[in-house]
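Asker: Dropping in run_14.csv, which is CSV, N, CA and C atoms:
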chain,number,residue,atom,x,y,z
A,1,MET,N,12.0,16.4,-15.2
A,1,MET,CA,11.4,15.2,-14.7
A,1,MET,C,11.4,15.3,-13.2
A,2,PRO,N,10.3,15.1,-12.5
A,2,PRO,CA,10.2,15.2,-11.0
A,2,PRO,C,11.0,14.0,-10.4
A,3,ILE,N,11.5,14.3,-9.2
A,3,ILE,CA,12.2,13.3,-8.4
A,3,ILE,C,11.2,12.3,-7.8
A,4,SER,N,11.5,11.0,-7.9
A,4,SER,CA,10.6,10.0,-7.4
A,4,SER,C,10.7,10.0,-5.8
A,5,ARG,N,9.5,10.0,-5.2
A,5,ARG,CA,9.5,9.9,-3.7
A,5,ARG,C,9.1,8.6,-3.3
A,6,ILE,N,9.0,7.6,-4.2
A,6,ILE,CA,8.6,6.2,-3.8
A,6,ILE,C,9.7,5.3,-4.2
A,7,THR,N,10.1,4.4,-3.3
A,7,THR,CA,11.1,3.3,-3.7
A,7,THR,C,10.4,2.0,-3.3
A,8,ALA,N,11.0,0.9,-3.6
A,8,ALA,CA,10.4,-0.4,-3.2
A,8,ALA,C,11.5,-1.4,-2.8
A,9,THR,N,11.1,-2.3,-1.9
A,9,THR,CA,12.1,-3.4,-1.5
A,9,THR,C,12.2,-4.4,-2.7
A,10,ALA,N,13.2,-5.2,-2.6
A,10,ALA,CA,13.3,-6.3,-3.6
A,10,ALA,C,12.1,-7.2,-3.6
A,11,ALA,N,11.5,-7.4,-2.5
A,11,ALA,CA,10.3,-8.3,-2.4
A,11,ALA,C,9.1,-7.6,-3.1
A,12,ALA,N,9.0,-6.3,-3.0
A,12,ALA,CA,7.9,-5.6,-3.7
A,12,ALA,C,8.1,-5.5,-5.2
A,13,HIS,N,9.4,-5.3,-5.6
A,13,HIS,CA,9.7,-5.3,-7.0
A,13,HIS,C,9.3,-6.7,-7.6
A,14,SER,N,9.7,-7.8,-7.0
A,14,SER,CA,9.4,-9.1,-7.5
A,14,SER,C,7.9,-9.3,-7.5
A,15,ALA,N,7.2,-8.9,-6.5
A,15,ALA,CA,5.7,-9.0,-6.5
A,15,ALA,C,5.1,-8.3,-7.7
A,16,ILE,N,5.5,-7.0,-7.9
A,16,ILE,CA,5.0,-6.2,-9.0
A,16,ILE,C,5.3,-6.9,-10.4
A,17,LEU,N,6.5,-7.4,-10.5
A,17,LEU,CA,6.8,-8.1,-11.8
A,17,LEU,C,5.9,-9.3,-12.0
A,18,ARG,N,5.7,-10.1,-11.0
A,18,ARG,CA,4.8,-11.3,-11.1
A,18,ARG,C,3.4,-10.8,-11.4
A,19,LEU,N,2.9,-9.8,-10.7
A,19,LEU,CA,1.5,-9.3,-10.8
A,19,LEU,C,1.3,-8.8,-12.2
A,20,CYS,N,2.2,-8.0,-12.7
A,20,CYS,CA,2.1,-7.5,-14.1
A,20,CYS,C,2.1,-8.6,-15.1
A,21,ALA,N,3.0,-9.6,-14.9
A,21,ALA,CA,3.0,-10.7,-15.9
A,21,ALA,C,1.7,-11.5,-15.9
A,22,ASP,N,1.1,-11.6,-14.8
A,22,ASP,CA,-0.2,-12.3,-14.7
A,22,ASP,C,-1.4,-11.5,-15.1
A,23,ARG,N,-1.4,-10.2,-14.7
A,23,ARG,CA,-2.6,-9.4,-14.9
A,23,ARG,C,-2.5,-8.2,-15.8
A,24,GLY,N,-1.3,-7.9,-16.2
A,24,GLY,CA,-1.1,-6.6,-17.0
A,24,GLY,C,-0.7,-5.5,-16.0
A,25,PRO,N,-0.5,-4.3,-16.6
A,25,PRO,CA,0.0,-3.2,-15.8
A,25,PRO,C,-0.9,-2.9,-14.6
A,26,VAL,N,-0.3,-2.4,-13.5
A,26,VAL,CA,-1.1,-2.0,-12.3
A,26,VAL,C,-0.7,-0.6,-11.9
A,27,MET,N,-1.5,-0.1,-11.0
A,27,MET,CA,-1.2,1.3,-10.4
A,27,MET,C,-1.5,1.2,-8.9
A,28,PHE,N,-0.9,2.1,-8.1
A,28,PHE,CA,-1.1,2.1,-6.7
A,28,PHE,C,-1.6,3.5,-6.3
A,29,VAL,N,-2.5,3.4,-5.3
A,29,VAL,CA,-3.1,4.6,-4.7
A,29,VAL,C,-3.0,4.5,-3.2
A,30,GLN,N,-2.3,5.4,-2.5
A,30,GLN,CA,-2.1,5.3,-1.1
A,30,GLN,C,-3.4,5.7,-0.4
A,31,SER,N,-3.9,4.8,0.4
A,31,SER,CA,-5.1,5.1,1.2
A,31,SER,C,-4.8,5.9,2.4
A,32,GLY,N,-5.8,6.5,3.0
A,32,GLY,CA,-5.6,7.4,4.2
A,32,GLY,C,-5.5,6.7,5.5
A,33,GLY,N,-5.0,7.5,6.5
A,33,GLY,CA,-5.0,7.0,7.9
A,33,GLY,C,-3.7,6.6,8.4
A,34,CYS,N,-2.7,7.5,8.4
A,34,CYS,CA,-1.4,7.3,8.9
A,34,CYS,C,-1.4,6.5,10.2
A,35,CYS,N,-0.6,5.4,10.2
A,35,CYS,CA,-0.4,4.6,11.4
A,35,CYS,C,-1.7,4.0,12.0
A,36,ALA,N,-2.7,4.0,11.2
A,36,ALA,CA,-4.0,3.3,11.6
A,36,ALA,C,-4.3,2.2,10.7
A,37,GLY,N,-3.3,1.5,10.1
A,37,GLY,CA,-3.5,0.4,9.3
A,37,GLY,C,-3.6,0.7,7.8
A,38,SER,N,-3.2,1.8,7.3
A,38,SER,CA,-3.3,2.2,5.9
A,38,SER,C,-2.4,1.3,5.1
A,39,THR,N,-2.9,0.9,3.9
A,39,THR,CA,-2.1,0.2,3.0
A,39,THR,C,-2.4,0.8,1.6
A,40,PRO,N,-1.4,0.7,0.7
A,40,PRO,CA,-1.7,1.2,-0.6
A,40,PRO,C,-2.7,0.2,-1.3
A,41,MET,N,-3.6,0.8,-2.1
A,41,MET,CA,-4.5,0.0,-2.9
A,41,MET,C,-3.8,-0.2,-4.3
A,42,CYS,N,-3.8,-1.5,-4.7
A,42,CYS,CA,-3.3,-1.8,-6.0
A,42,CYS,C,-4.4,-2.2,-7.0
A,43,TYR,N,-4.5,-1.5,-8.1
A,43,TYR,CA,-5.5,-1.7,-9.1
A,43,TYR,C,-5.0,-2.0,-10.5
A,44,PRO,N,-5.7,-2.7,-11.3
A,44,PRO,CA,-5.3,-2.7,-12.7
A,44,PRO,C,-5.1,-1.3,-13.2
A,45,ALA,N,-4.1,-1.0,-14.0
A,45,ALA,CA,-3.9,0.3,-14.5
A,45,ALA,C,-5.1,0.9,-15.1
A,46,GLY,N,-5.4,2.2,-14.7
A,46,GLY,CA,-6.6,2.9,-15.2
A,46,GLY,C,-7.9,2.6,-14.5
A,47,GLU,N,-7.9,1.7,-13.6
A,47,GLU,CA,-9.2,1.3,-13.0
A,47,GLU,C,-9.6,2.4,-11.9
A,48,PHE,N,-8.6,3.0,-11.3
A,48,PHE,CA,-8.9,4.1,-10.3
A,48,PHE,C,-8.7,5.4,-11.1
A,49,LEU,N,-9.8,6.3,-11.0
A,49,LEU,CA,-9.7,7.5,-11.7
A,49,LEU,C,-8.9,8.5,-10.8
A,50,ILE,N,-7.8,9.0,-11.4
A,50,ILE,CA,-7.0,10.0,-10.8
A,50,ILE,C,-7.5,11.4,-11.1
A,51,GLY,N,-7.5,12.2,-10.0
A,51,GLY,CA,-8.0,13.6,-10.2
A,51,GLY,C,-7.0,14.6,-9.9
A,52,ALA,N,-7.4,15.9,-10.0
A,52,ALA,CA,-6.5,17.0,-9.8
A,52,ALA,C,-5.9,17.0,-8.4
A,53,GLY,N,-6.6,16.3,-7.4
A,53,GLY,CA,-6.1,16.3,-6.0
A,53,GLY,C,-5.1,15.2,-5.7
A,54,ASP,N,-4.7,14.4,-6.8
A,54,ASP,CA,-3.8,13.3,-6.5
A,54,ASP,C,-2.4,13.7,-7.0
A,55,VAL,N,-1.4,13.2,-6.2
A,55,VAL,CA,0.0,13.5,-6.4
A,55,VAL,C,0.7,12.2,-6.9
A,56,LEU,N,1.4,12.3,-8.0
A,56,LEU,CA,2.2,11.1,-8.4
A,56,LEU,C,3.5,11.2,-7.6
A,57,LEU,N,3.7,10.1,-6.8
A,57,LEU,CA,5.0,10.0,-6.0
A,57,LEU,C,6.1,9.5,-6.9
A,58,GLY,N,5.8,8.8,-7.9
A,58,GLY,CA,6.8,8.2,-8.8
A,58,GLY,C,6.2,6.9,-9.4
A,59,THR,N,7.1,6.1,-10.0
A,59,THR,CA,6.7,4.8,-10.5
A,59,THR,C,7.6,3.7,-10.0
A,60,ILE,N,7.1,2.5,-10.0
A,60,ILE,CA,7.9,1.3,-9.6
A,60,ILE,C,7.6,0.3,-10.7
A,61,GLN,N,8.7,-0.1,-11.3
A,61,GLN,CA,8.6,-1.1,-12.5
A,61,GLN,C,7.6,-0.5,-13.5
A,62,GLY,N,7.6,0.8,-13.7
A,62,GLY,CA,6.7,1.4,-14.7
A,62,GLY,C,5.2,1.6,-14.2
A,63,CYS,N,5.0,1.2,-12.9
A,63,CYS,CA,3.6,1.3,-12.4
A,63,CYS,C,3.5,2.6,-11.5
A,64,PRO,N,2.6,3.5,-11.8
A,64,PRO,CA,2.5,4.7,-11.1
A,64,PRO,C,2.0,4.5,-9.6
A,65,PHE,N,2.4,5.4,-8.7
A,65,PHE,CA,2.0,5.4,-7.3
A,65,PHE,C,1.6,6.8,-6.9
A,66,TYR,N,0.3,6.9,-6.6
A,66,TYR,CA,-0.4,8.2,-6.3
A,66,TYR,C,-0.7,8.2,-4.8
A,67,ILE,N,-0.8,9.5,-4.3
A,67,ILE,CA,-1.3,9.8,-3.0
A,67,ILE,C,-2.2,11.0,-3.1
A,68,ASP,N,-3.2,11.1,-2.3
A,68,ASP,CA,-4.0,12.3,-2.2
A,68,ASP,C,-3.2,13.5,-1.7
A,69,TYR,N,-3.4,14.6,-2.3
A,69,TYR,CA,-2.6,15.8,-2.0
A,69,TYR,C,-2.7,16.2,-0.5
A,70,ALA,N,-3.9,16.2,0.0
A,70,ALA,CA,-4.2,16.6,1.4
A,70,ALA,C,-3.5,15.6,2.4
A,71,LEU,N,-3.6,14.3,2.0
A,71,LEU,CA,-2.9,13.3,2.8
A,71,LEU,C,-1.4,13.4,2.8
A,72,ASP,N,-0.9,13.7,1.6
A,72,ASP,CA,0.5,13.9,1.4
A,72,ASP,C,1.0,15.1,2.3
A,73,GLN,N,0.3,16.2,2.3
A,73,GLN,CA,0.6,17.3,3.1
A,73,GLN,C,0.5,17.0,4.6
A,74,ALA,N,-0.5,16.3,5.0
A,74,ALA,CA,-0.7,15.9,6.4
A,74,ALA,C,0.5,15.1,6.9
A,75,TRP,N,0.9,14.1,6.1
A,75,TRP,CA,2.0,13.2,6.5
A,75,TRP,C,3.3,13.9,6.4
A,76,GLY,N,3.5,14.8,5.5
A,76,GLY,CA,4.8,15.6,5.4
A,76,GLY,C,6.0,14.7,5.2
A,77,GLU,N,5.9,13.6,4.4
A,77,GLU,CA,7.0,12.7,4.2
A,77,GLU,C,7.8,13.1,2.9
A,78,ASP,N,9.1,13.0,3.0
A,78,ASP,CA,9.9,13.2,1.8
A,78,ASP,C,9.9,12.0,0.9
A,79,SER,N,9.8,10.8,1.5
A,79,SER,CA,9.9,9.6,0.7
A,79,SER,C,9.1,8.5,1.4
A,80,PHE,N,8.7,7.5,0.6
A,80,PHE,CA,7.9,6.4,1.0
A,80,PHE,C,8.6,5.1,0.4
A,81,GLN,N,8.4,4.0,1.0
A,81,GLN,CA,8.9,2.7,0.5
A,81,GLN,C,7.8,1.7,0.4
A,82,LEU,N,7.6,1.1,-0.7
A,82,LEU,CA,6.6,0.0,-0.9
A,82,LEU,C,7.3,-1.3,-0.5
A,83,ASP,N,6.5,-2.1,0.2
A,83,ASP,CA,7.0,-3.4,0.7
A,83,ASP,C,5.8,-4.4,0.6
A,84,VAL,N,6.1,-5.6,1.0
A,84,VAL,CA,5.0,-6.6,1.2
A,84,VAL,C,5.0,-7.2,2.6
A,85,ALA,N,3.8,-7.7,3.0
A,85,ALA,CA,3.7,-8.3,4.3
A,85,ALA,C,2.7,-9.5,4.2
A,86,PRO,N,2.7,-10.4,5.1
A,86,PRO,CA,1.8,-11.5,5.1
A,86,PRO,C,0.3,-11.0,5.3
A,87,GLY,N,-0.6,-11.7,4.7
A,87,GLY,CA,-2.0,-11.4,4.9
A,87,GLY,C,-2.6,-11.0,3.6
A,88,GLU,N,-3.9,-11.1,3.6
A,88,GLU,CA,-4.7,-10.7,2.4
A,88,GLU,C,-4.9,-9.2,2.3
A,89,PRO,N,-5.0,-8.6,1.1
A,89,PRO,CA,-5.2,-7.2,0.9
A,89,PRO,C,-6.6,-6.8,1.4
A,90,GLU,N,-6.7,-5.5,1.6
A,90,GLU,CA,-8.0,-4.9,2.0
A,90,GLU,C,-8.8,-4.5,0.8
A,91,GLY,N,-10.1,-4.4,1.0
A,91,GLY,CA,-11.0,-3.9,-0.1
A,91,GLY,C,-10.8,-4.5,-1.4
A,92,PHE,N,-10.7,-3.7,-2.4
A,92,PHE,CA,-10.6,-4.1,-3.8
A,92,PHE,C,-9.2,-4.2,-4.3
A,93,SER,N,-8.2,-4.1,-3.4
A,93,SER,CA,-6.8,-4.1,-3.8
A,93,SER,C,-6.4,-5.5,-4.3
A,94,LEU,N,-5.6,-5.5,-5.3
A,94,LEU,CA,-5.0,-6.8,-5.8
A,94,LEU,C,-4.0,-7.2,-4.8
A,95,ALA,N,-3.9,-8.5,-4.6
A,95,ALA,CA,-2.9,-9.1,-3.7
A,95,ALA,C,-1.5,-9.0,-4.4
A,96,ALA,N,-0.5,-8.9,-3.5
A,96,ALA,CA,0.9,-8.9,-4.0
A,96,ALA,C,1.3,-10.3,-4.4
A,97,GLY,N,0.6,-11.3,-4.0
A,97,GLY,CA,0.9,-12.7,-4.3
A,97,GLY,C,0.0,-13.5,-3.3
A,98,PRO,N,0.1,-14.8,-3.4
A,98,PRO,CA,-0.7,-15.7,-2.5
A,98,PRO,C,-0.4,-15.4,-1.0
A,99,GLY,N,-1.4,-14.9,-0.3
A,99,GLY,CA,-1.2,-14.6,1.1
A,99,GLY,C,-0.4,-13.5,1.5
A,100,ILE,N,-0.1,-12.5,0.5
A,100,ILE,CA,0.6,-11.3,0.9
A,100,ILE,C,0.0,-10.1,0.3
A,101,HIS,N,0.2,-8.9,0.9
A,101,HIS,CA,-0.3,-7.7,0.4
A,101,HIS,C,0.8,-6.6,0.5
A,102,PHE,N,0.5,-5.5,-0.3
A,102,PHE,CA,1.5,-4.4,-0.3
A,102,PHE,C,1.3,-3.6,0.9
A,103,ILE,N,2.4,-3.0,1.5
A,103,ILE,CA,2.3,-2.1,2.6
A,103,ILE,C,3.3,-0.9,2.2
A,104,THR,N,3.0,0.2,2.9
A,104,THR,CA,3.8,1.4,2.7
A,104,THR,C,4.6,1.7,4.0
A,105,ARG,N,5.8,2.0,3.8
A,105,ARG,CA,6.6,2.4,5.0
A,105,ARG,C,7.2,3.8,4.8
A,106,SER,N,7.3,4.6,5.9
A,106,SER,CA,7.9,5.9,5.8
A,106,SER,C,8.4,6.1,7.2
A,107,ALA,N,9.1,7.2,7.4
A,107,ALA,CA,9.8,7.5,8.7
A,107,ALA,C,8.8,7.6,9.8
A,108,THR,N,7.6,8.3,9.6
A,108,THR,CA,6.7,8.4,10.7
A,108,THR,C,5.4,7.6,10.5
A,109,CYS,N,5.2,7.1,9.4
A,109,CYS,CA,4.0,6.3,9.1
A,109,CYS,C,4.3,4.9,8.6
A,110,SER,N,4.9,4.1,9.5
A,110,SER,CA,5.2,2.8,9.1
A,110,SER,C,4.0,1.9,9.3
A,111,MET,N,3.6,1.3,8.2
A,111,MET,CA,2.4,0.4,8.2
A,111,MET,C,2.9,-1.1,8.3
A,112,LYS,N,4.0,-1.3,9.0
A,112,LYS,CA,4.7,-2.5,9.1
A,112,LYS,C,3.8,-3.7,9.5
A,113,GLY,N,3.4,-4.5,8.5
A,113,GLY,CA,2.7,-5.7,8.7
A,113,GLY,C,1.2,-5.4,9.0
A,114,GLN,N,0.8,-4.2,9.1
A,114,GLN,CA,-0.6,-3.9,9.4
A,114,GLN,C,-1.4,-3.9,8.2
A,115,SER,N,-2.7,-4.2,8.3
A,115,SER,CA,-3.5,-4.2,7.1
A,115,SER,C,-4.9,-3.6,7.5
As C-alpha cells, how would this structure be written, given the file I've shared?

Answerer:
Amino acid sequence: MPISRITATAAAHSAILRLCADRGPVMFVQSGGCCAGSTPMCYPAGEFLIGAGDVLLGTIQGCPFYIDYALDQAWGEDSFQLDVAPGEPEGFSLAAGPGIHFITRSATCSMKGQS
C-alpha cells in the first residue's frame, strides 16, 4: 500500500464528514498554479474523470485526493495538507461549508486563504 502524501487539518476532516453526510462521497483534484491561488477542486465521487496522468496522493475520510503528474513533479512536494479557509470555492468545486472552501498547504506552495 502506497504511503499517503496528503493529510488534513481537524477543520478539513469535519468539513469532509459534513459534506459526505449531506451529498455522499466526494473526491479532490488539485488544480494547477503553485502560489497563484490554486485550490483543490472538490467533486461528487466519480464526477471528475481520472486519467493515466493523475497521481493519487492518498485519501482523507475515504475520499481520494489526486494531482496531475506533471504538476506534482513541478512542485516536488513530499506532502500536502488539506485545510479550509473563508470564502466561496472557485469554479465547479463543492464548498467546504457555508462561506468556506478547501485549500491546500505545502512547504513551498501554501495557498493560505487564497482562492

Asker: Which residues of region 26-83 of chain A come within 6 Å of region 90-102 of chain A, and for each one, what is the closest pair of atoms and their distance in Å to one decimal, counting only N, CA and C atoms, sorted by chain and residue number, as a Markdown table?

Answerer:
| residue | atom | partner | partner_atom | distance |
| --- | --- | --- | --- | --- |
| A:Thr39 | CA | A:Phe102 | C | 5.5 |
| A:Pro40 | N | A:Phe102 | C | 5.1 |
| A:Met41 | CA | A:Ser93 | CA | 4.8 |
| A:Cys42 | C | A:Leu94 | N | 3.9 |
| A:Tyr43 | N | A:Leu94 | N | 5.0 |
| A:Asp83 | C | A:Phe102 | CA | 4.4 |

Asker: Please identify all polymer residues within 8 Å of Gly24 (chain A), counting all atoms listed in the file, omitting same-chain residues fewer than 3 positions from it, and present them as a list in words.

Answerer: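 Non-adjacent residues within range: Arg18, Leu19, Cys20, Ala21, Met27, Tyr43, Pro44 and Ala45 of chain A.
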
Asker: One decimal, in Å: what's the spacing between atom C of Leu71 (chain A) and atom N of Gly53 (chain A)?

Answerer: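 For atom C of Leu71 (chain A) relative to atom N of Gly53 (chain A), the distance reads 11.8 Å.
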
Asker: Give the helix (DSSP H, G or I) residues of chain A, as DSSP finds them on the backbone, and put them as a PDB file with N, CA and C atoms, in the frame of the given file.

Answerer:
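The resulting file, selection28.pdb, is shown below:
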ATOM      1  N   ALA A  10      13.200  -5.200  -2.600  1.00  0.00           N
ATOM      2  CA  ALA A  10      13.300  -6.300  -3.600  1.00  0.00           C
ATOM      3  C   ALA A  10      12.100  -7.200  -3.600  1.00  0.00           C
ATOM      4  N   ALA A  11      11.500  -7.400  -2.500  1.00  0.00           N
ATOM      5  CA  ALA A  11      10.300  -8.300  -2.400  1.00  0.00           C
ATOM      6  C   ALA A  11       9.100  -7.600  -3.100  1.00  0.00           C
ATOM      7  N   ALA A  12       9.000  -6.300  -3.000  1.00  0.00           N
ATOM      8  CA  ALA A  12       7.900  -5.600  -3.700  1.00  0.00           C
ATOM      9  C   ALA A  12       8.100  -5.500  -5.200  1.00  0.00           C
ATOM     10  N   HIS A  13       9.400  -5.300  -5.600  1.00  0.00           N
ATOM     11  CA  HIS A  13       9.700  -5.300  -7.000  1.00  0.00           C
ATOM     12  C   HIS A  13       9.300  -6.700  -7.600  1.00  0.00           C
ATOM     13  N   SER A  14       9.700  -7.800  -7.000  1.00  0.00           N
ATOM     14  CA  SER A  14       9.400  -9.100  -7.500  1.00  0.00           C
ATOM     15  C   SER A  14       7.900  -9.300  -7.500  1.00  0.00           C
ATOM     16  N   ALA A  15       7.200  -8.900  -6.500  1.00  0.00           N
ATOM     17  CA  ALA A  15       5.700  -9.000  -6.500  1.00  0.00           C
ATOM     18  C   ALA A  15       5.100  -8.300  -7.700  1.00  0.00           C
ATOM     19  N   ILE A  16       5.500  -7.000  -7.900  1.00  0.00           N
ATOM     20  CA  ILE A  16       5.000  -6.200  -9.000  1.00  0.00           C
ATOM     21  C   ILE A  16       5.300  -6.900 -10.400  1.00  0.00           C
ATOM     22  N   LEU A  17       6.500  -7.400 -10.500  1.00  0.00           N
ATOM     23  CA  LEU A  17       6.800  -8.100 -11.800  1.00  0.00           C
ATOM     24  C   LEU A  17       5.900  -9.300 -12.000  1.00  0.00           C
ATOM     25  N   ARG A  18       5.700 -10.100 -11.000  1.00  0.00           N
ATOM     26  CA  ARG A  18       4.800 -11.300 -11.100  1.00  0.00           C
ATOM     27  C   ARG A  18       3.400 -10.800 -11.400  1.00  0.00           C
ATOM     28  N   LEU A  19       2.900  -9.800 -10.700  1.00  0.00           N
ATOM     29  CA  LEU A  19       1.500  -9.300 -10.800  1.00  0.00           C
ATOM     30  C   LEU A  19       1.300  -8.800 -12.200  1.00  0.00           C
ATOM     31  N   CYS A  20       2.200  -8.000 -12.700  1.00  0.00           N
ATOM     32  CA  CYS A  20       2.100  -7.500 -14.100  1.00  0.00           C
ATOM     33  C   CYS A  20       2.100  -8.600 -15.100  1.00  0.00           C
ATOM     34  N   ALA A  21       3.000  -9.600 -14.900  1.00  0.00           N
ATOM     35  CA  ALA A  21       3.000 -10.700 -15.900  1.00  0.00           C
ATOM     36  C   ALA A  21       1.700 -11.500 -15.900  1.00  0.00           C
ATOM     37  N   ASP A  22       1.100 -11.600 -14.800  1.00  0.00           N
ATOM     38  CA  ASP A  22      -0.200 -12.300 -14.700  1.00  0.00           C
ATOM     39  C   ASP A  22      -1.400 -11.500 -15.100  1.00  0.00           C
ATOM     40  N   ARG A  23      -1.400 -10.200 -14.700  1.00  0.00           N
ATOM     41  CA  ARG A  23      -2.600  -9.400 -14.900  1.00  0.00           C
ATOM     42  C   ARG A  23      -2.500  -8.200 -15.800  1.00  0.00           C
ATOM     43  N   TYR A  69      -3.400  14.600  -2.300  1.00  0.00           N
ATOM     44  CA  TYR A  69      -2.600  15.800  -2.000  1.00  0.00           C
ATOM     45  C   TYR A  69      -2.700  16.200  -0.500  1.00  0.00           C
ATOM     46  N   ALA A  70      -3.900  16.200   0.000  1.00  0.00           N
ATOM     47  CA  ALA A  70      -4.200  16.600   1.400  1.00  0.00           C
ATOM     48  C   ALA A  70      -3.500  15.600   2.400  1.00  0.00           C
ATOM     49  N   LEU A  71      -3.600  14.300   2.000  1.00  0.00           N
ATOM     50  CA  LEU A  71      -2.900  13.300   2.800  1.00  0.00           C
ATOM     51  C   LEU A  71      -1.400  13.400   2.800  1.00  0.00           C
ATOM     52  N   ASP A  72      -0.900  13.700   1.600  1.00  0.00           N
ATOM     53  CA  ASP A  72       0.500  13.900   1.400  1.00  0.00           C
ATOM     54  C   ASP A  72       1.000  15.100   2.300  1.00  0.00           C
ATOM     55  N   GLN A  73       0.300  16.200   2.300  1.00  0.00           N
ATOM     56  CA  GLN A  73       0.600  17.300   3.100  1.00  0.00           C
ATOM     57  C   GLN A  73       0.500  17.000   4.600  1.00  0.00           C
ATOM     58  N   ALA A  74      -0.500  16.300   5.000  1.00  0.00           N
ATOM     59  CA  ALA A  74      -0.700  15.900   6.400  1.00  0.00           C
ATOM     60  C   ALA A  74       0.500  15.100   6.900  1.00  0.00           C
ATOM     61  N   TRP A  75       0.900  14.100   6.100  1.00  0.00           N
ATOM     62  CA  TRP A  75       2.000  13.200   6.500  1.00  0.00           C
ATOM     63  C   TRP A  75       3.300  13.900   6.400  1.00  0.00           C
TER      64      TRP A  75
END

Asker: Atom N of Thr9 (chain A) to atom C of Phe80 (chain A): how many Å, to one decimal?

Answerer: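 These two atoms are separated by 8.1 Å.
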